[in-house]
$ cat final12.cif   # mmCIF, C-alpha atoms
data_final
#
loop_
_atom_site.label_atom_id
_atom_site.label_comp_id
_atom_site.auth_asym_id
_atom_site.auth_seq_id
_atom_site.Cartn_x
_atom_site.Cartn_y
_atom_site.Cartn_z
CA MET A 1041 103.23 57.23 117.30
CA SER A 1042 106.63 55.51 117.34
CA THR A 1043 109.61 56.95 119.15
CA PRO A 1044 112.68 57.59 116.99
CA LYS A 1045 115.97 56.15 118.17
CA GLN A 1046 117.59 59.47 119.06
CA PHE A 1047 115.43 59.71 122.18
CA ASP A 1048 116.81 58.40 125.47
CA ARG A 1049 114.57 57.12 128.24
CA LEU A 1050 115.37 58.96 131.49
CA VAL A 1051 113.88 60.90 134.41
CA PRO A 1052 114.24 64.66 133.81
CA THR A 1053 115.28 66.85 136.78
CA GLY A 1054 112.35 67.47 139.11
CA ASP A 1055 110.21 64.79 137.45
CA THR A 1056 109.01 61.48 138.90
CA HIS A 1057 108.62 59.40 135.73
CA GLU A 1058 110.88 58.34 132.87
CA ARG A 1059 110.38 60.39 129.69
CA ASP A 1060 111.77 60.36 126.16
CA VAL A 1061 114.52 62.99 126.05
CA CYS A 1062 116.20 63.90 122.77
CA ARG A 1063 119.91 63.04 122.77
CA THR A 1064 120.68 66.00 120.54
CA CYS A 1065 118.67 68.91 121.94
CA GLY A 1066 117.35 67.79 125.35
CA PHE A 1067 113.73 68.22 124.23
CA VAL A 1068 111.45 66.29 126.61
CA ASN A 1069 108.72 64.49 124.70
CA TYR A 1070 105.95 64.37 127.32
CA GLN A 1071 103.46 61.82 126.08
CA ASN A 1072 100.04 62.31 127.54
CA PRO A 1073 97.16 59.89 127.44
CA ARG A 1074 94.86 60.72 124.56
CA ILE A 1075 91.29 61.87 124.98
CA VAL A 1076 88.68 60.48 122.59
CA VAL A 1077 85.48 62.51 122.47
CA GLY A 1078 82.34 61.16 120.87
CA SER A 1079 78.61 60.76 121.10
CA VAL A 1080 75.72 58.35 120.84
CA VAL A 1081 73.36 60.27 118.57
CA ARG A 1082 69.63 59.65 118.65
CA HIS A 1083 67.09 60.75 116.05
CA ALA A 1084 63.48 59.71 115.49
CA GLY A 1085 63.82 56.74 117.83
CA LYS A 1086 66.93 55.46 116.05
CA VAL A 1087 70.67 55.73 116.54
CA LEU A 1088 73.19 57.18 114.10
CA LEU A 1089 76.25 55.14 113.13
CA CYS A 1090 79.12 55.71 110.70
CA ARG A 1091 80.81 53.05 108.59
CA ARG A 1092 84.54 53.71 108.77
CA ALA A 1093 86.39 54.67 105.58
CA ILE A 1094 89.77 54.48 107.32
CA GLU A 1095 91.87 51.98 109.21
CA PRO A 1096 91.75 50.58 111.79
CA ARG A 1097 88.52 48.65 111.23
CA ARG A 1098 87.65 50.06 107.82
CA GLY A 1099 84.11 49.02 106.82
CA PHE A 1100 82.94 48.57 110.41
CA TRP A 1101 80.39 50.71 112.22
CA THR A 1102 81.15 53.21 114.94
CA VAL A 1103 79.80 56.42 116.50
CA PRO A 1104 81.12 59.88 115.58
CA ALA A 1105 84.26 60.16 117.74
CA GLY A 1106 87.90 61.12 117.56
CA TYR A 1107 90.82 62.73 119.33
CA LEU A 1108 90.36 65.96 121.22
CA GLU A 1109 92.55 68.71 119.79
CA LEU A 1110 94.61 71.27 121.71
CA HIS A 1111 92.66 74.27 123.02
CA GLU A 1112 89.33 72.55 122.43
CA THR A 1113 86.69 71.75 125.04
CA PRO A 1114 85.57 68.10 125.05
CA GLU A 1115 82.03 69.17 124.11
CA ASP A 1116 83.30 71.20 121.13
CA GLY A 1117 85.44 68.23 120.12
CA ALA A 1118 82.46 65.85 120.20
CA ARG A 1119 80.43 68.24 118.04
CA ARG A 1120 83.37 68.73 115.62
CA GLU A 1121 83.80 64.99 115.14
CA ALA A 1122 80.09 64.64 114.29
CA ARG A 1123 80.40 67.45 111.75
CA GLU A 1124 83.52 65.90 110.19
CA GLU A 1125 82.43 62.26 110.12
CA ALA A 1126 78.66 62.49 109.78
CA LEU A 1127 78.06 66.07 108.48
CA ALA A 1128 75.72 66.33 111.47
CA ASP A 1129 74.97 69.16 113.86
CA LEU A 1130 74.46 67.89 117.41
CA ALA A 1131 72.66 68.98 120.56
CA LEU A 1132 74.65 67.37 123.35
CA GLY A 1133 72.97 66.01 126.46
CA GLU A 1134 74.45 64.31 129.51
CA LEU A 1135 77.87 62.65 129.70
CA LEU A 1136 76.92 59.03 128.99
CA ALA A 1137 80.21 57.36 129.84
CA ILE A 1138 83.87 57.69 130.61
CA TYR A 1139 85.78 54.63 129.46
CA SER A 1140 89.48 53.97 129.78
CA VAL A 1141 91.64 51.85 127.52
CA PRO A 1142 94.89 51.92 129.51
CA HIS A 1143 96.87 49.70 127.13
CA LEU A 1144 96.27 52.37 124.46
CA SER A 1145 96.62 55.21 127.02
CA GLN A 1146 93.20 56.36 125.94
CA VAL A 1147 90.34 57.96 127.87
CA GLN A 1148 86.99 58.15 126.10
CA LEU A 1149 84.38 60.78 126.97
CA ILE A 1150 81.05 59.92 125.37
CA TRP A 1151 78.01 62.18 125.37
CA ARG A 1152 74.34 61.52 124.76
CA ALA A 1153 73.21 63.60 121.81
CA GLU A 1154 70.40 64.35 119.42
CA LEU A 1155 70.52 65.59 115.85
CA ASN A 1156 69.73 69.25 115.41
CA THR A 1157 67.24 69.57 112.56
CA PRO A 1158 68.09 72.21 109.95
CA GLY A 1159 65.55 73.83 107.61
CA THR A 1160 63.37 71.80 105.23
CA GLY A 1161 65.22 70.31 102.30
CA THR A 1162 68.58 70.23 104.07
CA ALA A 1163 70.09 66.82 104.80
CA LEU A 1164 70.33 65.92 108.49
CA PHE A 1165 73.56 64.02 107.99
CA GLY A 1166 75.80 62.44 105.39
CA ALA A 1167 79.11 60.65 104.95
CA GLY A 1168 82.14 62.79 105.81
CA GLU A 1169 85.62 62.05 104.48
CA GLU A 1170 86.35 59.38 107.08
CA SER A 1171 83.01 57.56 106.59
CA LEU A 1172 81.86 55.22 103.82
CA GLU A 1173 78.26 55.79 104.84
CA VAL A 1174 76.23 57.14 107.72
CA ALA A 1175 72.86 55.65 108.67
CA LEU A 1176 70.15 55.54 111.32
CA PHE A 1177 69.57 52.12 112.87
CA ASP A 1178 66.63 50.74 114.81
CA TRP A 1179 67.75 49.81 118.31
CA ASP A 1180 66.48 46.27 117.65
CA ASN A 1181 68.39 45.96 114.41
CA LEU A 1182 71.92 47.17 115.18
CA PRO A 1183 74.83 45.86 113.04
CA THR A 1184 76.06 43.95 116.07
CA ASP A 1185 78.49 41.74 114.14
CA GLU A 1186 80.03 44.70 112.34
CA ILE A 1187 80.77 47.08 115.22
CA ALA A 1188 84.28 48.57 115.02
CA PHE A 1189 85.40 48.64 118.66
CA PRO A 1190 84.47 47.09 122.04
CA THR A 1191 83.72 50.52 123.54
CA VAL A 1192 81.05 51.08 120.85
CA HIS A 1193 79.25 47.95 122.08
CA TRP A 1194 79.53 49.30 125.63
CA MET A 1195 78.13 52.75 124.84
CA LEU A 1196 75.18 51.40 122.82
CA LYS A 1197 74.31 49.11 125.73
CA HIS A 1198 74.70 51.95 128.22
CA GLU A 1199 72.54 54.31 126.16
CA ARG A 1200 69.78 51.68 126.07
CA GLU A 1201 70.06 51.39 129.83
CA VAL A 1202 69.64 55.16 130.23
CA MET A 1203 66.67 55.19 127.84
CA ALA A 1204 65.03 52.45 129.92
CA LYS A 1205 65.88 53.60 133.45
CA GLY A 1206 66.80 57.29 133.25
CA TYR A 1207 70.14 59.03 133.66
CA ARG A 1208 72.02 58.50 136.90
CA GLY A 1209 75.56 59.61 136.03
CA PRO A 1210 78.20 58.41 133.59
CA PHE A 1211 78.99 54.74 133.13
CA GLY A 1212 82.55 53.42 133.30
CA ASN A 1213 84.09 50.29 131.78
CA PRO A 1214 81.87 47.24 132.26
CA GLU A 1215 83.18 44.62 134.69
CA MET B 247 106.63 72.41 127.34
CA SER B 248 108.35 74.68 124.81
CA THR B 249 108.93 73.66 121.22
CA PRO B 250 112.59 73.64 120.13
CA LYS B 251 113.43 75.54 116.97
CA GLN B 252 114.19 72.48 114.84
CA PHE B 253 110.48 71.66 114.63
CA ASP B 254 108.50 72.92 111.63
CA ARG B 255 104.78 73.58 111.80
CA LEU B 256 103.00 71.66 109.02
CA VAL B 257 100.15 69.28 108.22
CA PRO B 258 101.48 65.69 107.97
CA THR B 259 100.15 63.50 105.12
CA GLY B 260 96.68 62.21 105.93
CA ASP B 261 96.24 64.58 108.86
CA THR B 262 93.82 67.49 109.20
CA HIS B 263 95.72 69.74 111.64
CA GLU B 264 99.14 71.40 111.74
CA ARG B 265 101.67 69.56 113.92
CA ASP B 266 105.27 70.09 115.00
CA VAL B 267 107.43 67.98 112.68
CA CYS B 268 111.17 67.61 113.31
CA ARG B 269 113.22 69.07 110.47
CA THR B 270 115.93 66.45 110.98
CA CYS B 271 114.11 63.15 111.43
CA GLY B 272 110.46 63.78 110.48
CA PHE B 273 109.26 62.85 113.98
CA VAL B 274 105.70 64.18 114.46
CA ASN B 275 105.27 65.64 117.93
CA TYR B 276 101.54 65.08 118.49
CA GLN B 277 100.59 67.26 121.42
CA ASN B 278 97.49 66.07 123.16
CA PRO B 279 95.40 67.93 125.69
CA ARG B 280 96.39 66.94 129.19
CA ILE B 281 94.12 65.13 131.60
CA VAL B 282 94.15 66.23 135.23
CA VAL B 283 92.67 63.67 137.62
CA GLY B 284 91.77 64.55 141.18
CA SER B 285 89.25 64.24 143.97
CA VAL B 286 87.27 66.10 146.57
CA VAL B 287 87.96 63.99 149.66
CA ARG B 288 85.52 63.90 152.56
CA HIS B 289 86.22 62.59 156.04
CA ALA B 290 84.28 62.98 159.28
CA GLY B 291 82.12 65.74 157.83
CA LYS B 292 85.13 67.73 156.64
CA VAL B 293 87.07 68.12 153.40
CA LEU B 294 90.75 67.38 152.85
CA LEU B 295 92.97 70.02 151.27
CA CYS B 296 96.70 70.20 150.50
CA ARG B 297 98.85 73.33 150.75
CA ARG B 298 101.10 73.35 147.69
CA ALA B 299 104.86 73.04 148.17
CA ILE B 300 105.51 73.68 144.47
CA GLU B 301 104.86 76.35 141.89
CA PRO B 302 102.53 77.46 140.49
CA ARG B 303 100.63 78.81 143.51
CA ARG B 304 103.03 77.58 146.20
CA GLY B 305 101.48 78.05 149.66
CA PHE B 306 97.90 77.93 148.36
CA TRP B 307 95.35 75.19 149.03
CA THR B 308 94.17 72.64 146.51
CA VAL B 309 92.74 69.13 146.30
CA PRO B 310 94.89 66.06 145.54
CA ALA B 311 95.17 66.18 141.74
CA GLY B 312 97.69 65.91 138.93
CA TYR B 313 98.38 64.72 135.41
CA LEU B 314 97.24 61.29 134.31
CA GLU B 315 100.18 59.14 133.25
CA LEU B 316 100.39 56.83 130.22
CA HIS B 317 98.76 53.41 130.67
CA GLU B 318 96.89 54.55 133.77
CA THR B 319 93.13 54.62 134.25
CA PRO B 320 91.76 57.98 135.44
CA GLU B 321 90.55 56.36 138.67
CA ASP B 322 93.99 54.88 139.37
CA GLY B 323 95.52 58.27 138.61
CA ALA B 324 93.23 60.05 141.08
CA ARG B 325 94.13 57.51 143.78
CA ARG B 326 97.86 57.80 142.99
CA GLU B 327 97.80 61.59 143.28
CA ALA B 328 96.15 61.33 146.72
CA ARG B 329 98.83 58.87 147.83
CA GLU B 330 101.62 61.09 146.51
CA GLU B 331 100.36 64.46 147.72
CA ALA B 332 98.38 63.57 150.84
CA LEU B 333 99.68 60.09 151.80
CA ALA B 334 96.02 59.13 151.72
CA ASP B 335 94.23 56.00 150.57
CA LEU B 336 90.93 56.82 148.85
CA ALA B 337 87.63 55.14 148.19
CA LEU B 338 86.35 56.83 145.03
CA GLY B 339 82.67 57.58 144.51
CA GLU B 340 80.90 59.25 141.60
CA LEU B 341 82.50 61.48 138.97
CA LEU B 342 81.81 64.91 140.48
CA ALA B 343 82.83 67.07 137.55
CA ILE B 344 84.49 67.36 134.19
CA TYR B 345 85.98 70.81 133.70
CA SER B 346 87.84 72.11 130.70
CA VAL B 347 90.51 74.78 130.63
CA PRO B 348 90.94 75.13 126.86
CA HIS B 349 93.59 77.89 127.01
CA LEU B 350 95.78 75.39 128.90
CA SER B 351 94.53 72.45 126.79
CA GLN B 352 93.51 70.79 130.01
CA VAL B 353 90.59 68.53 130.88
CA GLN B 354 89.97 67.89 134.57
CA LEU B 355 88.21 64.75 135.81
CA ILE B 356 87.27 65.14 139.47
CA TRP B 357 85.85 62.35 141.63
CA ARG B 358 83.99 62.37 144.90
CA ALA B 359 85.98 60.40 147.44
CA GLU B 360 86.28 59.36 151.06
CA LEU B 361 89.35 58.49 153.09
CA ASN B 362 89.88 54.81 153.66
CA THR B 363 90.65 54.29 157.34
CA PRO B 364 93.68 52.10 158.05
CA GLY B 365 94.28 50.23 161.33
CA THR B 366 94.42 52.01 164.69
CA GLY B 367 97.54 54.10 165.23
CA THR B 368 98.17 54.65 161.51
CA ALA B 369 97.88 58.21 160.22
CA LEU B 370 94.99 58.80 157.81
CA PHE B 371 96.97 61.31 155.79
CA GLY B 372 100.06 63.50 155.80
CA ALA B 373 102.06 65.89 153.66
CA GLY B 374 103.61 64.28 150.60
CA GLU B 375 106.61 65.77 148.80
CA GLU B 376 104.54 68.28 146.84
CA SER B 377 102.57 69.47 149.89
CA LEU B 378 103.60 71.82 152.74
CA GLU B 379 100.72 70.51 154.84
CA VAL B 380 97.50 68.55 154.48
CA ALA B 381 94.48 69.30 156.63
CA LEU B 382 90.77 68.67 157.08
CA PHE B 383 88.57 71.77 156.87
CA ASP B 384 85.04 72.41 158.06
CA TRP B 385 82.83 73.21 155.09
CA ASP B 386 81.91 76.49 156.79
CA ASN B 387 85.53 77.45 157.36
CA LEU B 388 87.28 76.84 154.05
CA PRO B 389 90.46 78.84 153.25
CA THR B 390 88.51 80.68 150.56
CA ASP B 391 91.05 83.46 150.08
CA GLU B 392 93.93 81.02 149.75
CA ILE B 393 92.59 78.58 147.16
CA ALA B 394 95.13 77.76 144.44
CA PHE B 395 93.01 77.58 141.28
CA PRO B 396 89.55 78.61 140.04
CA THR B 397 88.55 74.99 139.37
CA VAL B 398 89.13 74.19 143.08
CA HIS B 399 86.51 76.81 143.98
CA TRP B 400 84.19 75.21 141.43
CA MET B 401 84.59 71.65 142.70
CA LEU B 402 84.12 72.61 146.36
CA LYS B 403 80.91 74.43 145.43
CA HIS B 404 79.74 71.50 143.31
CA GLU B 405 80.48 68.97 146.07
CA ARG B 406 78.40 71.06 148.50
CA GLU B 407 75.59 71.04 145.96
CA VAL B 408 75.72 67.24 145.68
CA MET B 409 75.78 66.87 149.49
CA ALA B 410 72.68 69.08 149.70
CA LYS B 411 70.68 67.78 146.73
CA GLY B 412 72.08 64.36 145.83
CA TYR B 413 74.10 63.24 142.82
CA ARG B 414 72.64 63.80 139.38
CA GLY B 415 75.65 63.46 137.10
CA PRO B 416 78.91 65.35 136.67
CA PHE B 417 79.06 69.13 136.66
CA GLY B 418 80.82 71.07 133.92
CA ASN B 419 82.35 74.53 133.95
CA PRO B 420 80.09 77.07 135.65
CA GLU B 421 78.51 79.68 133.33
#

$ encode --input "final12.cif" --output "structure tokens"
Amino acid sequence: MSTPKQFDRLVPTGDTHERDVCRTCGFVNYQNPRIVVGSVVRHAGKVLLCRRAIEPRRGFWTVPAGYLELHETPEDGARREAREEALADLALGELLAIYSVPHLSQVQLIWRAELNTPGTGTALFGAGEESLEVALFDWDNLPTDEIAFPTVHWMLKHEREVMAKGYRGPFGNPE
Amino acid sequence: MSTPKQFDRLVPTGDTHERDVCRTCGFVNYQNPRIVVGSVVRHAGKVLLCRRAIEPRRGFWTVPAGYLELHETPEDGARREAREEALADLALGELLAIYSVPHLSQVQLIWRAELNTPGTGTALFGAGEESLEVALFDWDNLPTDEIAFPTVHWMLKHEREVMAKGYRGPFGNPE
């Protein structure tokens, strides 16, 4: 989001930080960090990934994830993103990780999840509008060179660690 | 934050949700859920609480907590709020809880914490600008009838549960 020129940068009365205040109407444009909600989805010993149909990183693989909307719980947001991007219905488990990307003012909340299995003959998943394709990968055959974002590498590594050693609380950014 | 009248409610090109779009300049006012970062602070077998000097709930007790700022990690935000509200320097532990208050579009990230102890003769904590007073409470003598917000009740209960049974991952909203 870019800030139009009619906003001035100043500290509103009673505030402690500079904000963008509209020169014309005095509207204070509070910009809050954005919350990304997503999940590492397991099924039949594999992991579900989506190949992005949109920029940034079109053609690269990621997990179902996106921005939390207003009046939405993070868990509902994670399930909605999986429905939108992977046409998948999830059973969420533990909170796998909370990552922060401060230069993008982004906080990522990533859950462990499994695919809910619908009735016979119904697809478990498919490519939503923002995905070129959706597929299950063996943990030993991940598309490592075609992963969209650093945090996706982190969460796949962290999920493997939980599968090997059990859950002991959410991971944060690696050192 | 109230929306001035010159904003129209519509779905921008390539978006999936209605947003506030300025009639004059086309500026899209993306409103994101807000992240509250805070901590349940232990010291010498007690818990630190702040009596609010500001509305809402002036005069009621809460933990050091507030809105995450842009370009800030949640952990840095939790430490900053404790410095601002309780003049306290924290050592953060595990993520105690992630609560959501969807009607306020709020996600709360609450850490377990302990007071760092400065050199002899230096106060461990004090009342910052937004606090009337800051005090340590025995766990058996909490100001239960003067707690500011429901989530503060939740986190105090959840911290007691961790102290009794050990840490097993973050709590969510109670049923």

$ closest_residue --input "final12.cif" --among "B:Pro420, B:Gly415, B:Gly372, B:Pro389" --to "chain A" --atoms "only C-alpha atoms"
B:Gly415

$ closest_residue --input "final12.cif" --among "A:Asp1178, A:Asp1055, A:Glu1215, A:Glu1115" --to "Lys1086 of chain A" --atoms "all atoms listed in the file"
A:Asp1178

$ atom_distance --input "final12.cif" --atom1 "atom CA of Leu1132 of chain A" --atom2 "atom CA of Asn278 of chain B"
22.9 Å

$ closest_atom_pairs --input "final12.cif" --of "chain A" --to "chain B" --cutoff "6 Å" --atoms "all atoms listed in the file" --output "CSV"
residue,atom,partner,partner_atom,distance
A:Pro1073,CA,B:Leu316,CA,5.2
A:Leu1110,CA,B:Ser351,CA,5.2
A:His1111,CA,B:Pro348,CA,4.3
A:Glu1112,CA,B:Pro348,CA,5.4
A:Thr1113,CA,B:Pro348,CA,5.7
A:Ser1140,CA,B:Thr319,CA,5.8
A:Pro1142,CA,B:His317,CA,4.3
A:His1143,CA,B:His317,CA,5.5
A:Ser1145,CA,B:His317,CA,4.6
A:Arg1208,CA,B:Arg414,CA,5.9
A:Gly1209,CA,B:Gly415,CA,4.0

$ atom_distance --input "final12.cif" --atom1 "atom CA of Phe253 of chain B" --atom2 "atom CA of Arg1049 of chain A"
20.3 Å

$ axis_aligned_box --input "final12.cif" --around "segment 354-368 of chain B" --padding-each-side "3 Å" --output "JSON"
{"center_x": 91.1, "center_y": 59.1, "center_z": 149.9, "size_x": 20.2, "size_y": 23.7, "size_z": 36.7}

$ resolve_selection --input "final12.cif" --expression "the PyMOL selection byres ((chain A and resi 1194) around 10)" --output "list in words"
Ala1137, Tyr1139, Phe1189, Pro1190, Thr1191, Val1192, His1193, Met1195, Leu1196, Lys1197, His1198, Glu1199, Phe1211, Gly1212, Asn1213 and Pro1214 of chain A

$ resolve_selection --input "final12.cif" --expression "the PyMOL selection byres ((chain B and resi 336) around 12)" --output "PyMOL selection string"
chain B and resi 284-289+294+310+321-330+332-335+337-339+357-364+370-371

$ write_last_selection --input "final12.cif" --atoms "C-alpha atoms" --output "compact mmCIF listing (two decimals), in the frame of the given file"
# COMPACT_ATOMS: atom_id res chain seq x y z
CA GLY B 284 91.77 64.55 141.18
CA SER B 285 89.25 64.24 143.97
CA VAL B 286 87.27 66.10 146.57
CA VAL B 287 87.96 63.99 149.66
CA ARG B 288 85.52 63.90 152.56
CA HIS B 289 86.22 62.59 156.04
CA LEU B 294 90.75 67.38 152.85
CA PRO B 310 94.89 66.06 145.54
CA GLU B 321 90.55 56.36 138.67
CA ASP B 322 93.99 54.88 139.37
CA GLY B 323 95.52 58.27 138.61
CA ALA B 324 93.23 60.05 141.08
CA ARG B 325 94.13 57.51 143.78
CA ARG B 326 97.86 57.80 142.99
CA GLU B 327 97.80 61.59 143.28
CA ALA B 328 96.15 61.33 146.72
CA ARG B 329 98.83 58.87 147.83
CA GLU B 330 101.62 61.09 146.51
CA ALA B 332 98.38 63.57 150.84
CA LEU B 333 99.68 60.09 151.80
CA ALA B 334 96.02 59.13 151.72
CA ASP B 335 94.23 56.00 150.57
CA ALA B 337 87.63 55.14 148.19
CA LEU B 338 86.35 56.83 145.03
CA GLY B 339 82.67 57.58 144.51
CA TRP B 357 85.85 62.35 141.63
CA ARG B 358 83.99 62.37 144.90
CA ALA B 359 85.98 60.40 147.44
CA GLU B 360 86.28 59.36 151.06
CA LEU B 361 89.35 58.49 153.09
CA ASN B 362 89.88 54.81 153.66
CA THR B 363 90.65 54.29 157.34
CA PRO B 364 93.68 52.10 158.05
CA LEU B 370 94.99 58.80 157.81
CA PHE B 371 96.97 61.31 155.79

$ atom_distance --input "final12.cif" --atom1 "atom CA of Arg298 of chain B" --atom2 "atom CA of Arg1059 of chain A"
24.0 Å

$ resolve_selection --input "final12.cif" --expression "the PyMOL selection byres ((chain B and resi 392) around 12)" --output "list in words"
Leu295, Cys296, Arg297, Arg298, Arg303, Arg304, Gly305, Phe306, Trp307, Thr308, Asn387, Leu388, Pro389, Thr390, Asp391, Ile393, Ala394, Phe395, Pro396, Val398 and His399 of chain B

$ build_atoms --input "final12.cif" --residues "segment 349-366 of chain B" --atoms "N, CA, C and O atoms" --output "PDB file, keeping the file's coordinate frame"
ATOM      1  N   HIS B 349      92.370  77.108 127.297  1.00  0.00           N
ATOM      2  CA  HIS B 349      93.590  77.890 127.010  1.00  0.00           C
ATOM      3  C   HIS B 349      94.826  77.176 127.532  1.00  0.00           C
ATOM      4  O   HIS B 349      95.931  77.448 127.081  1.00  0.00           O
ATOM      5  N   LEU B 350      94.656  76.239 128.463  1.00  0.00           N
ATOM      6  CA  LEU B 350      95.780  75.390 128.900  1.00  0.00           C
ATOM      7  C   LEU B 350      95.712  74.004 128.265  1.00  0.00           C
ATOM      8  O   LEU B 350      96.526  73.135 128.595  1.00  0.00           O
ATOM      9  N   SER B 351      94.760  73.776 127.375  1.00  0.00           N
ATOM     10  CA  SER B 351      94.530  72.450 126.790  1.00  0.00           C
ATOM     11  C   SER B 351      94.440  71.378 127.866  1.00  0.00           C
ATOM     12  O   SER B 351      95.100  70.348 127.816  1.00  0.00           O
ATOM     13  N   GLN B 352      93.611  71.670 128.847  1.00  0.00           N
ATOM     14  CA  GLN B 352      93.510  70.790 130.010  1.00  0.00           C
ATOM     15  C   GLN B 352      92.068  70.343 130.205  1.00  0.00           C
ATOM     16  O   GLN B 352      91.146  71.158 130.096  1.00  0.00           O
ATOM     17  N   VAL B 353      91.892  69.063 130.490  1.00  0.00           N
ATOM     18  CA  VAL B 353      90.590  68.530 130.880  1.00  0.00           C
ATOM     19  C   VAL B 353      90.736  67.953 132.276  1.00  0.00           C
ATOM     20  O   VAL B 353      91.659  67.169 132.526  1.00  0.00           O
ATOM     21  N   GLN B 354      89.875  68.358 133.188  1.00  0.00           N
ATOM     22  CA  GLN B 354      89.970  67.890 134.570  1.00  0.00           C
ATOM     23  C   GLN B 354      88.841  66.921 134.868  1.00  0.00           C
ATOM     24  O   GLN B 354      87.673  67.240 134.638  1.00  0.00           O
ATOM     25  N   LEU B 355      89.195  65.751 135.384  1.00  0.00           N
ATOM     26  CA  LEU B 355      88.210  64.750 135.810  1.00  0.00           C
ATOM     27  C   LEU B 355      88.309  64.644 137.323  1.00  0.00           C
ATOM     28  O   LEU B 355      89.341  64.219 137.845  1.00  0.00           O
ATOM     29  N   ILE B 356      87.236  65.038 138.011  1.00  0.00           N
ATOM     30  CA  ILE B 356      87.270  65.140 139.470  1.00  0.00           C
ATOM     31  C   ILE B 356      86.253  64.184 140.087  1.00  0.00           C
ATOM     32  O   ILE B 356      85.061  64.259 139.773  1.00  0.00           O
ATOM     33  N   TRP B 357      86.723  63.317 140.971  1.00  0.00           N
ATOM     34  CA  TRP B 357      85.850  62.350 141.630  1.00  0.00           C
ATOM     35  C   TRP B 357      85.469  62.799 143.030  1.00  0.00           C
ATOM     36  O   TRP B 357      86.200  63.555 143.680  1.00  0.00           O
ATOM     37  N   ARG B 358      84.322  62.326 143.487  1.00  0.00           N
ATOM     38  CA  ARG B 358      83.990  62.370 144.900  1.00  0.00           C
ATOM     39  C   ARG B 358      84.742  61.234 145.570  1.00  0.00           C
ATOM     40  O   ARG B 358      84.890  60.157 144.991  1.00  0.00           O
ATOM     41  N   ALA B 359      85.209  61.454 146.785  1.00  0.00           N
ATOM     42  CA  ALA B 359      85.980  60.400 147.440  1.00  0.00           C
ATOM     43  C   ALA B 359      85.861  60.506 148.953  1.00  0.00           C
ATOM     44  O   ALA B 359      85.500  61.550 149.501  1.00  0.00           O
ATOM     45  N   GLU B 360      86.154  59.382 149.604  1.00  0.00           N
ATOM     46  CA  GLU B 360      86.280  59.360 151.060  1.00  0.00           C
ATOM     47  C   GLU B 360      87.605  58.735 151.422  1.00  0.00           C
ATOM     48  O   GLU B 360      88.160  57.946 150.665  1.00  0.00           O
ATOM     49  N   LEU B 361      88.115  59.098 152.607  1.00  0.00           N
ATOM     50  CA  LEU B 361      89.350  58.490 153.090  1.00  0.00           C
ATOM     51  C   LEU B 361      89.072  57.060 153.518  1.00  0.00           C
ATOM     52  O   LEU B 361      88.114  56.805 154.257  1.00  0.00           O
ATOM     53  N   ASN B 362      89.899  56.143 153.069  1.00  0.00           N
ATOM     54  CA  ASN B 362      89.880  54.810 153.660  1.00  0.00           C
ATOM     55  C   ASN B 362      90.597  54.894 155.009  1.00  0.00           C
ATOM     56  O   ASN B 362      91.604  55.581 155.148  1.00  0.00           O
ATOM     57  N   THR B 363      90.057  54.209 156.000  1.00  0.00           N
ATOM     58  CA  THR B 363      90.650  54.290 157.340  1.00  0.00           C
ATOM     59  C   THR B 363      91.478  53.044 157.616  1.00  0.00           C
ATOM     60  O   THR B 363      90.957  51.940 157.648  1.00  0.00           O
ATOM     61  N   PRO B 364      92.800  53.243 157.783  1.00  0.00           N
ATOM     62  CA  PRO B 364      93.680  52.100 158.050  1.00  0.00           C
ATOM     63  C   PRO B 364      93.529  51.655 159.502  1.00  0.00           C
ATOM     64  O   PRO B 364      92.658  52.154 160.214  1.00  0.00           O
ATOM     65  N   GLY B 365      94.356  50.731 159.948  1.00  0.00           N
ATOM     66  CA  GLY B 365      94.280  50.230 161.330  1.00  0.00           C
ATOM     67  C   GLY B 365      94.581  51.322 162.351  1.00  0.00           C
ATOM     68  O   GLY B 365      95.133  52.373 162.030  1.00  0.00           O
ATOM     69  N   THR B 366      94.185  51.067 163.585  1.00  0.00           N
ATOM     70  CA  THR B 366      94.420  52.010 164.690  1.00  0.00           C
ATOM     71  C   THR B 366      95.900  52.388 164.758  1.00  0.00           C
ATOM     72  O   THR B 366      96.760  51.551 164.560  1.00  0.00           O
TER      73      THR B 366
END
